[in-house]
>>> print(open('work-v2.cif').read())   # mmCIF, C-alpha atoms and all ligand atoms
data_entry
#
loop_
_atom_site.label_atom_id
_atom_site.label_comp_id
_atom_site.auth_asym_id
_atom_site.auth_seq_id
_atom_site.Cartn_x
_atom_site.Cartn_y
_atom_site.Cartn_z
CA MET A 1 35.48 -6.57 -25.28
CA ALA A 2 34.05 -4.36 -22.53
CA ASP A 3 30.53 -5.11 -21.32
CA VAL A 4 27.84 -2.83 -22.75
CA LYS A 5 26.56 -0.61 -19.95
CA LYS A 6 22.97 -1.17 -18.93
CA ARG A 7 20.61 1.79 -19.20
CA ALA A 8 17.86 2.66 -16.72
CA LEU A 9 15.06 5.21 -16.88
CA ILE A 10 13.68 6.34 -13.51
CA THR A 11 10.46 8.30 -13.13
CA GLY A 12 10.35 10.12 -9.77
CA ILE A 13 14.11 10.77 -9.77
CA THR A 14 13.67 13.73 -7.37
CA GLY A 15 11.80 11.61 -4.80
CA GLN A 16 13.06 9.52 -1.90
CA ASP A 17 13.31 6.19 -3.73
CA GLY A 18 14.58 7.78 -6.95
CA GLY A 19 17.62 9.11 -5.08
CA HIS A 20 18.43 5.81 -3.37
CA LEU A 21 17.95 3.90 -6.63
CA ALA A 22 20.13 6.30 -8.65
CA LYS A 23 22.97 5.71 -6.17
CA LEU A 24 22.53 1.95 -6.31
CA LEU A 25 22.41 1.77 -10.12
CA HIS A 26 25.39 4.12 -10.41
CA SER A 27 27.39 1.80 -8.15
CA LYS A 28 26.47 -1.02 -10.55
CA GLY A 29 27.72 0.93 -13.57
CA TYR A 30 24.38 1.83 -15.20
CA ASP A 31 23.78 4.80 -17.48
CA ILE A 32 20.91 6.52 -15.70
CA PHE A 33 18.17 8.76 -17.08
CA GLY A 34 15.69 10.51 -14.80
CA ILE A 35 12.38 12.06 -15.69
CA ILE A 36 11.89 15.52 -14.23
CA ARG A 37 8.56 17.34 -14.33
CA GLY A 38 7.60 20.97 -14.73
CA GLN A 39 8.97 24.09 -16.34
CA HIS A 40 10.73 25.38 -13.23
CA ASN A 41 11.21 22.36 -11.02
CA THR A 42 12.82 23.68 -7.84
CA ARG A 43 14.49 20.32 -7.26
CA ARG A 44 16.32 20.31 -10.59
CA GLN A 45 19.46 22.06 -9.32
CA ILE A 46 19.67 19.95 -6.17
CA THR A 47 19.24 16.80 -8.24
CA GLU A 48 21.87 17.88 -10.78
CA ARG A 49 24.32 18.67 -7.98
CA GLU A 50 23.80 15.42 -6.10
CA PHE A 51 23.51 13.13 -9.12
CA PRO A 52 25.76 14.59 -11.85
CA TYR A 53 25.80 11.17 -13.50
CA VAL A 54 22.02 11.21 -14.15
CA THR A 55 20.76 12.63 -17.46
CA LEU A 56 17.53 14.51 -16.77
CA ILE A 57 14.70 14.40 -19.31
CA GLU A 58 11.70 16.72 -19.06
CA ALA A 59 8.50 14.71 -19.17
CA ASP A 60 5.30 14.18 -17.23
CA LEU A 61 3.35 11.02 -16.37
CA VAL A 62 0.13 12.67 -17.51
CA ASP A 63 1.57 13.48 -20.98
CA GLN A 64 2.11 10.26 -22.89
CA SER A 65 3.86 11.92 -25.84
CA SER A 66 6.51 13.21 -23.43
CA LEU A 67 7.01 9.67 -22.09
CA ILE A 68 7.44 8.25 -25.59
CA ARG A 69 10.05 10.92 -26.23
CA ALA A 70 11.78 10.02 -22.95
CA MET A 71 11.89 6.36 -24.00
CA GLN A 72 13.38 7.32 -27.38
CA ILE A 73 16.09 9.40 -25.71
CA ALA A 74 16.96 6.99 -22.90
CA LYS A 75 16.62 3.70 -24.83
CA PRO A 76 16.51 1.93 -21.47
CA ASP A 77 16.92 -1.74 -20.61
CA GLU A 78 15.02 -1.13 -17.37
CA VAL A 79 12.26 1.34 -16.45
CA TYR A 80 11.50 2.08 -12.80
CA ASN A 81 8.15 3.85 -12.42
CA LEU A 82 8.54 5.51 -9.02
CA ALA A 83 6.81 8.83 -9.76
CA ALA A 84 3.46 9.42 -8.06
CA ILE A 85 1.47 11.70 -5.87
CA SER A 86 2.51 9.62 -2.91
CA HIS A 87 0.98 11.18 0.17
CA VAL A 88 -2.21 9.63 1.52
CA GLY A 89 -3.42 12.79 3.29
CA TYR A 90 -2.86 14.93 0.18
CA SER A 91 -4.73 12.42 -1.97
CA PHE A 92 -7.93 13.04 -0.01
CA LYS A 93 -7.64 16.75 -0.87
CA ASN A 94 -6.69 16.18 -4.54
CA PRO A 95 -8.34 12.87 -5.48
CA GLN A 96 -8.67 13.49 -9.21
CA LEU A 97 -5.11 14.65 -9.69
CA THR A 98 -3.99 11.61 -7.68
CA SER A 99 -6.01 9.32 -10.00
CA ASP A 100 -4.50 10.95 -13.10
CA VAL A 101 -0.88 10.80 -11.94
CA THR A 102 -0.66 7.82 -9.59
CA GLY A 103 -3.21 5.67 -11.47
CA LYS A 104 -3.50 6.58 -15.14
CA GLY A 105 0.11 7.73 -15.27
CA VAL A 106 1.14 4.07 -14.97
CA LEU A 107 -0.90 3.24 -18.07
CA ASN A 108 0.74 6.13 -19.93
CA MET A 109 4.21 4.84 -19.01
CA LEU A 110 3.38 1.23 -19.90
CA GLU A 111 1.98 2.32 -23.27
CA ALA A 112 5.10 4.40 -23.92
CA VAL A 113 7.20 1.29 -23.24
CA ARG A 114 4.99 -0.95 -25.40
CA LEU A 115 5.00 1.47 -28.35
CA THR A 116 8.75 2.01 -28.32
CA ASP A 117 9.79 -1.58 -27.54
CA PRO A 118 8.12 -3.93 -30.02
CA ASP A 119 10.50 -6.80 -29.17
CA ASN A 120 9.66 -6.74 -25.43
CA LYS A 121 13.26 -6.21 -24.37
CA VAL A 122 12.55 -3.57 -21.71
CA ARG A 123 11.93 -4.59 -18.10
CA PHE A 124 9.37 -2.50 -16.22
CA TYR A 125 9.07 -1.98 -12.45
CA GLN A 126 5.91 -0.52 -10.94
CA ALA A 127 6.00 0.94 -7.41
CA SER A 128 2.99 -0.68 -5.77
CA THR A 129 2.23 -0.14 -2.11
CA SER A 130 0.94 -1.71 1.10
CA GLU A 131 -1.74 1.02 1.11
CA MET A 132 -3.59 -1.20 -1.39
CA PHE A 133 -4.33 -3.69 1.42
CA GLY A 134 -6.10 -1.20 3.68
CA GLY A 135 -5.35 -2.79 7.05
CA LEU A 136 -8.92 -3.78 7.87
CA GLU A 137 -9.38 -6.62 10.33
CA TYR A 138 -11.20 -8.94 7.92
CA ASN A 139 -8.38 -9.14 5.34
CA ARG A 140 -5.41 -9.20 7.71
CA PRO A 141 -3.43 -12.47 7.56
CA GLU A 142 -1.72 -13.43 10.83
CA LYS A 143 1.80 -13.49 9.31
CA GLY A 144 1.19 -10.27 7.40
CA TYR A 145 0.02 -9.38 3.91
CA ASP A 146 1.68 -11.27 1.09
CA GLU A 147 1.44 -11.36 -2.71
CA ASP A 148 -1.90 -13.27 -2.58
CA SER A 149 -3.69 -11.14 0.04
CA SER A 150 -6.91 -9.37 -0.88
CA PHE A 151 -6.99 -5.62 -1.45
CA HIS A 152 -9.20 -2.99 0.16
CA PRO A 153 -7.63 0.45 -0.36
CA ARG A 154 -8.74 3.18 2.08
CA SER A 155 -7.70 6.38 0.27
CA PRO A 156 -7.73 7.89 -3.23
CA TYR A 157 -3.98 7.19 -3.21
CA GLY A 158 -4.52 3.49 -2.44
CA VAL A 159 -7.24 3.20 -5.08
CA ALA A 160 -5.04 4.87 -7.73
CA LYS A 161 -2.11 2.61 -6.84
CA LEU A 162 -4.36 -0.44 -7.15
CA TYR A 163 -5.21 0.61 -10.71
CA GLY A 164 -1.47 0.93 -11.43
CA HIS A 165 -0.88 -2.50 -9.92
CA TRP A 166 -3.54 -4.24 -12.00
CA ILE A 167 -2.75 -2.45 -15.25
CA THR A 168 0.87 -3.62 -14.83
CA THR A 169 -0.38 -7.21 -14.36
CA ASN A 170 -2.66 -6.76 -17.37
CA TYR A 171 0.18 -5.57 -19.63
CA ARG A 172 2.31 -8.52 -18.51
CA GLU A 173 -0.49 -10.96 -19.32
CA SER A 174 -1.75 -9.25 -22.50
CA TYR A 175 1.50 -8.31 -24.21
CA ASN A 176 3.98 -10.68 -22.62
CA MET A 177 5.96 -7.74 -21.21
CA PHE A 178 8.47 -8.17 -18.37
CA ALA A 179 6.37 -5.92 -16.13
CA VAL A 180 6.35 -6.43 -12.36
CA SER A 181 5.07 -4.71 -9.24
CA GLY A 182 6.94 -4.45 -5.99
CA ILE A 183 4.42 -4.14 -3.16
CA LEU A 184 6.50 -2.11 -0.74
CA PHE A 185 5.54 -1.45 2.84
CA ASN A 186 6.40 1.96 4.32
CA HIS A 187 10.05 2.74 3.81
CA GLU A 188 11.68 5.77 5.34
CA GLY A 189 15.08 7.34 5.93
CA ASP A 190 17.14 10.50 5.56
CA ARG A 191 15.51 11.27 2.18
CA ARG A 192 11.92 11.01 3.40
CA GLY A 193 9.74 14.12 2.97
CA VAL A 194 8.64 15.92 6.15
CA GLU A 195 4.99 15.42 5.17
CA PHE A 196 5.37 11.78 6.27
CA VAL A 197 4.99 11.06 9.96
CA THR A 198 8.41 9.50 10.59
CA ARG A 199 10.42 12.38 9.15
CA LYS A 200 8.06 14.92 10.66
CA ILE A 201 8.82 13.40 14.06
CA THR A 202 12.61 13.06 13.65
CA ASN A 203 12.89 16.58 12.24
CA ALA A 204 10.86 18.00 15.15
CA VAL A 205 12.80 15.97 17.72
CA ALA A 206 16.10 17.32 16.36
CA ARG A 207 14.75 20.88 16.45
CA ILE A 208 13.42 20.42 20.01
CA LYS A 209 16.85 19.19 21.11
CA LEU A 210 18.45 22.29 19.57
CA GLY A 211 15.87 24.68 21.07
CA LYS A 212 14.42 25.64 17.66
CA GLN A 213 10.93 24.27 18.34
CA ASP A 214 9.01 23.45 21.53
CA HIS A 215 6.38 20.92 20.42
CA ILE A 216 5.04 18.84 17.53
CA GLU A 217 1.44 18.53 16.32
CA LEU A 218 0.32 15.14 15.09
CA GLY A 219 -2.84 13.24 14.20
CA ASP A 220 -3.63 9.73 15.47
CA LEU A 221 -0.83 7.94 17.30
CA TRP A 222 -2.27 4.42 17.45
CA PRO A 223 -1.99 3.32 13.76
CA LYS A 224 0.71 0.73 13.17
CA ARG A 225 3.05 0.45 10.22
CA ASP A 226 5.70 -1.95 8.93
CA TRP A 227 8.54 0.56 8.63
CA GLY A 228 11.80 -0.27 6.83
CA TYR A 229 14.76 1.69 5.44
CA ALA A 230 14.36 2.91 1.85
CA GLY A 231 18.02 2.20 1.03
CA ASP A 232 17.36 -1.50 1.62
CA TYR A 233 14.21 -1.51 -0.50
CA VAL A 234 15.70 -0.20 -3.76
CA GLU A 235 18.01 -3.24 -3.75
CA GLY A 236 14.85 -5.40 -3.78
CA MET A 237 13.42 -3.41 -6.73
CA TRP A 238 16.57 -4.02 -8.74
CA ARG A 239 16.60 -7.73 -7.90
CA MET A 240 13.00 -8.08 -9.14
CA LEU A 241 14.11 -6.94 -12.61
CA GLN A 242 17.07 -9.40 -12.71
CA GLN A 243 14.85 -12.52 -12.38
CA ASP A 244 14.26 -15.03 -15.18
CA LYS A 245 10.50 -14.51 -15.10
CA PRO A 246 8.37 -11.50 -14.20
CA GLU A 247 6.69 -11.83 -10.79
CA ASP A 248 5.37 -9.51 -8.09
CA PHE A 249 6.99 -9.33 -4.65
CA VAL A 250 6.20 -7.89 -1.23
CA LEU A 251 9.08 -6.04 0.46
CA ALA A 252 8.59 -5.55 4.20
CA THR A 253 10.30 -6.07 7.54
CA GLY A 254 7.71 -8.46 9.01
CA GLU A 255 7.34 -6.23 12.10
CA THR A 256 4.74 -3.62 12.91
CA HIS A 257 5.04 -0.63 15.29
CA SER A 258 2.74 2.19 16.32
CA ILE A 259 3.48 5.88 15.84
CA GLU A 260 3.64 6.07 19.61
CA GLU A 261 6.50 3.54 19.59
CA PHE A 262 8.30 5.58 16.92
CA LEU A 263 7.86 8.73 19.04
CA THR A 264 9.17 6.99 22.15
CA LEU A 265 12.38 5.83 20.45
CA ALA A 266 12.92 9.16 18.69
CA PHE A 267 12.67 11.17 21.92
CA LYS A 268 14.88 8.62 23.75
CA GLU A 269 17.54 9.30 21.13
CA ILE A 270 17.80 12.91 22.45
CA GLY A 271 17.59 11.82 26.10
CA ILE A 272 13.86 12.50 26.72
CA ASP A 273 11.91 9.62 28.30
CA ASP A 274 8.50 11.31 28.58
CA TRP A 275 7.51 12.79 25.20
CA LYS A 276 3.93 13.68 26.20
CA PRO A 277 4.62 17.34 27.13
CA TYR A 278 6.07 17.89 23.63
CA VAL A 279 3.26 16.37 21.55
CA LYS A 280 -0.14 17.93 20.77
CA GLN A 281 -2.86 16.18 18.82
CA ASN A 282 -4.36 18.12 15.93
CA PRO A 283 -7.41 16.78 14.05
CA ALA A 284 -6.11 18.48 10.88
CA PHE A 285 -3.62 15.60 10.59
CA MET A 286 -6.26 12.88 10.96
CA ARG A 287 -7.66 11.14 7.88
CA PRO A 288 -11.26 10.58 6.73
CA ALA A 289 -10.49 6.85 6.65
CA GLU A 290 -7.51 5.40 8.50
CA VAL A 291 -5.41 2.31 7.79
CA ASP A 292 -5.22 0.69 11.24
CA LEU A 293 -2.38 -1.74 10.89
CA LEU A 294 0.06 -2.74 8.16
CA LEU A 295 2.27 -5.79 8.47
CA GLY A 296 3.99 -7.37 5.48
CA ASN A 297 5.27 -10.88 4.96
CA PRO A 298 8.56 -10.73 3.00
CA GLU A 299 8.98 -14.53 2.86
CA LYS A 300 8.80 -14.79 -0.96
CA ALA A 301 11.28 -11.95 -1.53
CA GLU A 302 13.68 -13.50 1.00
CA ARG A 303 13.40 -16.95 -0.60
CA VAL A 304 13.37 -16.07 -4.32
CA LEU A 305 15.29 -12.78 -4.48
CA GLY A 306 17.64 -13.48 -1.57
CA TRP A 307 16.61 -10.04 -0.28
CA LYS A 308 16.45 -9.07 3.38
CA ARG A 309 16.22 -5.71 5.05
CA LYS A 310 19.41 -4.76 6.89
CA VAL A 311 18.22 -1.82 9.02
CA ASP A 312 15.84 -2.72 11.89
CA PHE A 313 13.25 -0.48 13.57
CA PRO A 314 15.48 1.02 16.31
CA GLY A 315 18.26 1.43 13.72
CA LEU A 316 15.92 3.32 11.41
CA VAL A 317 14.76 5.74 14.13
CA LYS A 318 18.36 6.35 15.22
CA LEU A 319 19.58 6.93 11.66
CA MET A 320 16.83 9.47 10.99
CA VAL A 321 17.19 11.41 14.28
CA GLN A 322 20.98 11.57 13.95
CA HIS A 323 20.70 12.75 10.34
CA ASP A 324 18.23 15.49 11.30
CA LEU A 325 20.41 16.60 14.22
CA THR A 326 23.33 17.00 11.81
CA ILE A 327 21.42 19.03 9.23
CA GLU A 328 19.57 21.14 11.79
CA GLU A 329 22.84 21.96 13.57
CA THR A 330 24.34 23.38 10.40
CA LYS A 331 21.23 25.39 9.41
CA ILE A 332 21.11 29.01 10.46
P1 LIG B 401 1.22 6.38 5.08
O1 LIG B 401 1.26 5.11 5.85
O2 LIG B 401 1.64 6.21 3.66
O3 LIG B 401 -0.08 7.12 5.22
O4 LIG B 401 2.40 7.29 5.71
P2 LIG B 401 2.36 8.57 6.66
O5 LIG B 401 3.75 8.68 7.22
O6 LIG B 401 1.83 9.77 5.96
O7 LIG B 401 1.34 8.18 7.83
C1 LIG B 401 1.55 7.08 8.66
C2 LIG B 401 0.51 7.09 9.76
O8 LIG B 401 0.76 8.19 10.63
C3 LIG B 401 -0.94 7.24 9.30
O9 LIG B 401 -1.74 6.36 10.06
C4 LIG B 401 -1.29 8.69 9.66
O10 LIG B 401 -2.67 8.92 9.91
C5 LIG B 401 -0.48 8.83 10.95
N1 LIG B 401 -0.21 10.22 11.37
C6 LIG B 401 -0.44 10.75 12.59
N2 LIG B 401 -0.08 12.03 12.62
C7 LIG B 401 0.41 12.33 11.40
C8 LIG B 401 0.95 13.52 10.83
O11 LIG B 401 1.04 14.56 11.45
N3 LIG B 401 1.37 13.44 9.52
C9 LIG B 401 1.28 12.27 8.80
N4 LIG B 401 1.73 12.23 7.54
N5 LIG B 401 0.76 11.14 9.32
C10 LIG B 401 0.33 11.17 10.60
#
>>> encode(input="work-v2.cif", output="structure tokens")
Amino acid sequence: MADVKKRALITGITGQDGGHLAKLLHSKGYDIFGIIRGQHNTRRQITEREFPYVTLIEADLVDQSSLIRAMQIAKPDEVYNLAAISHVGYSFKNPQLTSDVTGKGVLNMLEAVRLTDPDNKVRFYQASTSEMFGGLEYNRPEKGYDEDSSFHPRSPYGVAKLYGHWITTNYRESYNMFAVSGILFNHEGDRRGVEFVTRKITNAVARIKLGKQDHIELGDLWPKRDWGYAGDYVEGMWRMLQQDKPEDFVLATGETHSIEEFLTLAFKEIGIDDWKPYVKQNPAFMRPAEVDLLLGNPEKAERVLGWKRKVDFPGLVKLMVQHDLTIEETKI
């Protein structure tokens, strides 16, 4: 008898990680359902074209009844809660909306799972983030943040994500649900939005190379991040839900690099050694509170999940610049 296909429900299907995860689960033979928000979502057509194998369901993290309906339609074995207002800078400008979607939205999704799955069969993944640690000197372990490090979020986004993290833990402990959080450090790639610094840089570098733009405006260049490739990280998410017992995991590269280092490699990729004439600093891109340095320790994920990132830092910069050169070349 043929194996019954597993079913997955992904919130945030139109986002960076949703796309990578849909591809991964499709390659593993899953039936995939994706939650799409809004009456006229401009990304619907693009998503339908790229992922014809995903069934889209209209729902919203702030509307619990819509999430219950989505659960009833999808009847998933696994739920990946990737949807969020995910940009730190934006969260300072829209803190309440960020709390509702990125924080309370997790509770809405967990409740929808609990109410529709009385036998606790569904496995739930919450997208937690390194932004919960805050990067302050006093709570920075030498080998990087791990699953036991203390939290000190520095933005409305980080605070909302911390609520999502703890409510997931609470539902696991209160209701015996298989609910886990992946604490993922920054992960980038060809699907990253241009509002994030890596893609903003690689997109500008490609356009500078092609004579479409003459400079880029950025905020602070000294903050350091642990940057990995998103395609590697969705594999870790999936592995977390295949374990015997529900546990949280950090996914990171174990290396940290400044924005200045990212800029240097990106410009080198188009043959420019001195990037300074092409970069202007603009206070509009600075944040009311900055996360100085993020470094993750992926030891537990490597040991228990057998997960390891494949793409390294130079490989990531190269992949992103080359991708942007290709798409910018074909744009009119
Ligand atoms: P985050 O780590 O989730 O906040 O990811 P981002 O890619 O948005 O920002 C990474 C770092 O780049 C932060 O320290 C930002 O303050 C810094 N940064 C400097 N200039 C810019 C910019 O123009 N846009 C963004 N998004 N970040 C910038």
>>> closest_residue(input="work-v2.cif", among="A:Lys6, A:Lys121, A:His187, A:Arg43", to="Tyr30 of chain A", atoms="only C-alpha atoms")
A:Lys6
>>> atom_distance(input="work-v2.cif", atom1="atom CA of Thr129 of chain A", atom2="atom CA of Glu48 of chain A")
28.0 Å
>>> closest_residue(input="work-v2.cif", among="A:Leu162, A:Met237, A:Ile73, A:Ile167", to="Ala22 of chain A", atoms="only C-alpha atoms")
A:Met237
>>> residues_around(input="work-v2.cif", residues="Phe313 of chain A", least_positions_apart="6", cutoff="10 Å", atoms="only C-alpha atoms", output="PyMOL selection string")
chain A and resi 226-229+253+255-257+261-262+265+319
>>> closest_atom_pairs(input="work-v2.cif", of="chain A", to="ligand LIG 401 (chain B)", cutoff="8 Å", atoms="all atoms listed in the file", output="JSON lines")
{"residue": "A:Ser86", "atom": "CA", "partner": "B:LIG401", "partner_atom": "O2", "distance": 7.5}
{"residue": "A:His87", "atom": "CA", "partner": "B:LIG401", "partner_atom": "O6", "distance": 6.0}
{"residue": "A:Val88", "atom": "CA", "partner": "B:LIG401", "partner_atom": "O3", "distance": 5.0}
{"residue": "A:Gly89", "atom": "CA", "partner": "B:LIG401", "partner_atom": "O6", "distance": 6.6}
{"residue": "A:Glu131", "atom": "CA", "partner": "B:LIG401", "partner_atom": "O2", "distance": 6.7}
{"residue": "A:Asn186", "atom": "CA", "partner": "B:LIG401", "partner_atom": "O1", "distance": 6.2}
{"residue": "A:Val194", "atom": "CA", "partner": "B:LIG401", "partner_atom": "N4", "distance": 8.0}
{"residue": "A:Glu195", "atom": "CA", "partner": "B:LIG401", "partner_atom": "N4", "distance": 5.1}
{"residue": "A:Phe196", "atom": "CA", "partner": "B:LIG401", "partner_atom": "O5", "distance": 3.6}
{"residue": "A:Val197", "atom": "CA", "partner": "B:LIG401", "partner_atom": "O5", "distance": 3.8}
{"residue": "A:Thr198", "atom": "CA", "partner": "B:LIG401", "partner_atom": "O5", "distance": 5.8}
{"residue": "A:Arg199", "atom": "CA", "partner": "B:LIG401", "partner_atom": "O5", "distance": 7.9}
{"residue": "A:Lys200", "atom": "CA", "partner": "B:LIG401", "partner_atom": "N3", "distance": 6.9}
{"residue": "A:Glu217", "atom": "CA", "partner": "B:LIG401", "partner_atom": "O11", "distance": 6.3}
{"residue": "A:Leu218", "atom": "CA", "partner": "B:LIG401", "partner_atom": "O11", "distance": 3.8}
{"residue": "A:Gly219", "atom": "CA", "partner": "B:LIG401", "partner_atom": "N2", "distance": 3.4}
{"residue": "A:Asp220", "atom": "CA", "partner": "B:LIG401", "partner_atom": "C6", "distance": 4.4}
{"residue": "A:Leu221", "atom": "CA", "partner": "B:LIG401", "partner_atom": "C6", "distance": 5.5}
{"residue": "A:Trp222", "atom": "CA", "partner": "B:LIG401", "partner_atom": "O9", "distance": 7.7}
{"residue": "A:Pro223", "atom": "CA", "partner": "B:LIG401", "partner_atom": "O9", "distance": 4.8}
{"residue": "A:Lys224", "atom": "CA", "partner": "B:LIG401", "partner_atom": "O9", "distance": 6.9}
{"residue": "A:Arg225", "atom": "CA", "partner": "B:LIG401", "partner_atom": "O1", "distance": 6.6}
{"residue": "A:Ile259", "atom": "CA", "partner": "B:LIG401", "partner_atom": "O8", "distance": 6.3}
{"residue": "A:Gln281", "atom": "CA", "partner": "B:LIG401", "partner_atom": "N2", "distance": 8.0}
{"residue": "A:Asn282", "atom": "CA", "partner": "B:LIG401", "partner_atom": "O11", "distance": 7.9}
{"residue": "A:Phe285", "atom": "CA", "partner": "B:LIG401", "partner_atom": "O11", "distance": 4.9}
{"residue": "A:Met286", "atom": "CA", "partner": "B:LIG401", "partner_atom": "O10", "distance": 5.4}
{"residue": "A:Arg287", "atom": "CA", "partner": "B:LIG401", "partner_atom": "O10", "distance": 5.8}
{"residue": "A:Glu290", "atom": "CA", "partner": "B:LIG401", "partner_atom": "O9", "distance": 6.1}
{"residue": "A:Val291", "atom": "CA", "partner": "B:LIG401", "partner_atom": "O9", "distance": 5.9}
{"residue": "A:Asp292", "atom": "CA", "partner": "B:LIG401", "partner_atom": "O9", "distance": 6.8}
>>> decode(input="work-v2.cif", residues="segment 4-27 of chain A", atoms="C-alpha atoms", output="mmCIF file, in the first residue's frame")
data_model
loop_
_atom_site.group_PDB
_atom_site.id
_atom_site.type_symbol
_atom_site.label_atom_id
_atom_site.label_comp_id
_atom_site.auth_asym_id
_atom_site.auth_seq_id
_atom_site.Cartn_x
_atom_site.Cartn_y
_atom_site.Cartn_z
ATOM 1 C CA VAL A 4 -0.145 8.338 3.017
ATOM 2 C CA LYS A 5 1.222 11.743 2.024
ATOM 3 C CA LYS A 6 2.053 14.076 4.873
ATOM 4 C CA ARG A 7 0.255 17.408 4.966
ATOM 5 C CA ALA A 8 1.812 20.727 5.980
ATOM 6 C CA LEU A 9 0.257 24.128 6.630
ATOM 7 C CA ILE A 10 2.612 27.104 6.233
ATOM 8 C CA THR A 11 1.770 30.604 7.432
ATOM 9 C CA GLY A 12 3.906 33.214 5.651
ATOM 10 C CA ILE A 13 3.956 31.249 2.388
ATOM 11 C CA THR A 14 4.705 34.442 0.393
ATOM 12 C CA GLY A 15 7.768 35.272 2.507
ATOM 13 C CA GLN A 16 11.408 34.257 2.135
ATOM 14 C CA ASP A 17 11.317 31.172 4.363
ATOM 15 C CA GLY A 18 7.853 30.114 3.175
ATOM 16 C CA GLY A 19 9.186 29.810 -0.385
ATOM 17 C CA HIS A 20 12.269 27.807 0.593
ATOM 18 C CA LEU A 21 10.200 25.544 2.852
ATOM 19 C CA ALA A 22 7.520 24.925 0.207
ATOM 20 C CA LYS A 23 10.246 23.724 -2.189
ATOM 21 C CA LEU A 24 11.785 21.470 0.441
ATOM 22 C CA LEU A 25 8.480 19.900 1.518
ATOM 23 C CA HIS A 26 7.420 19.436 -2.109
ATOM 24 C CA SER A 27 10.658 17.536 -2.765
#
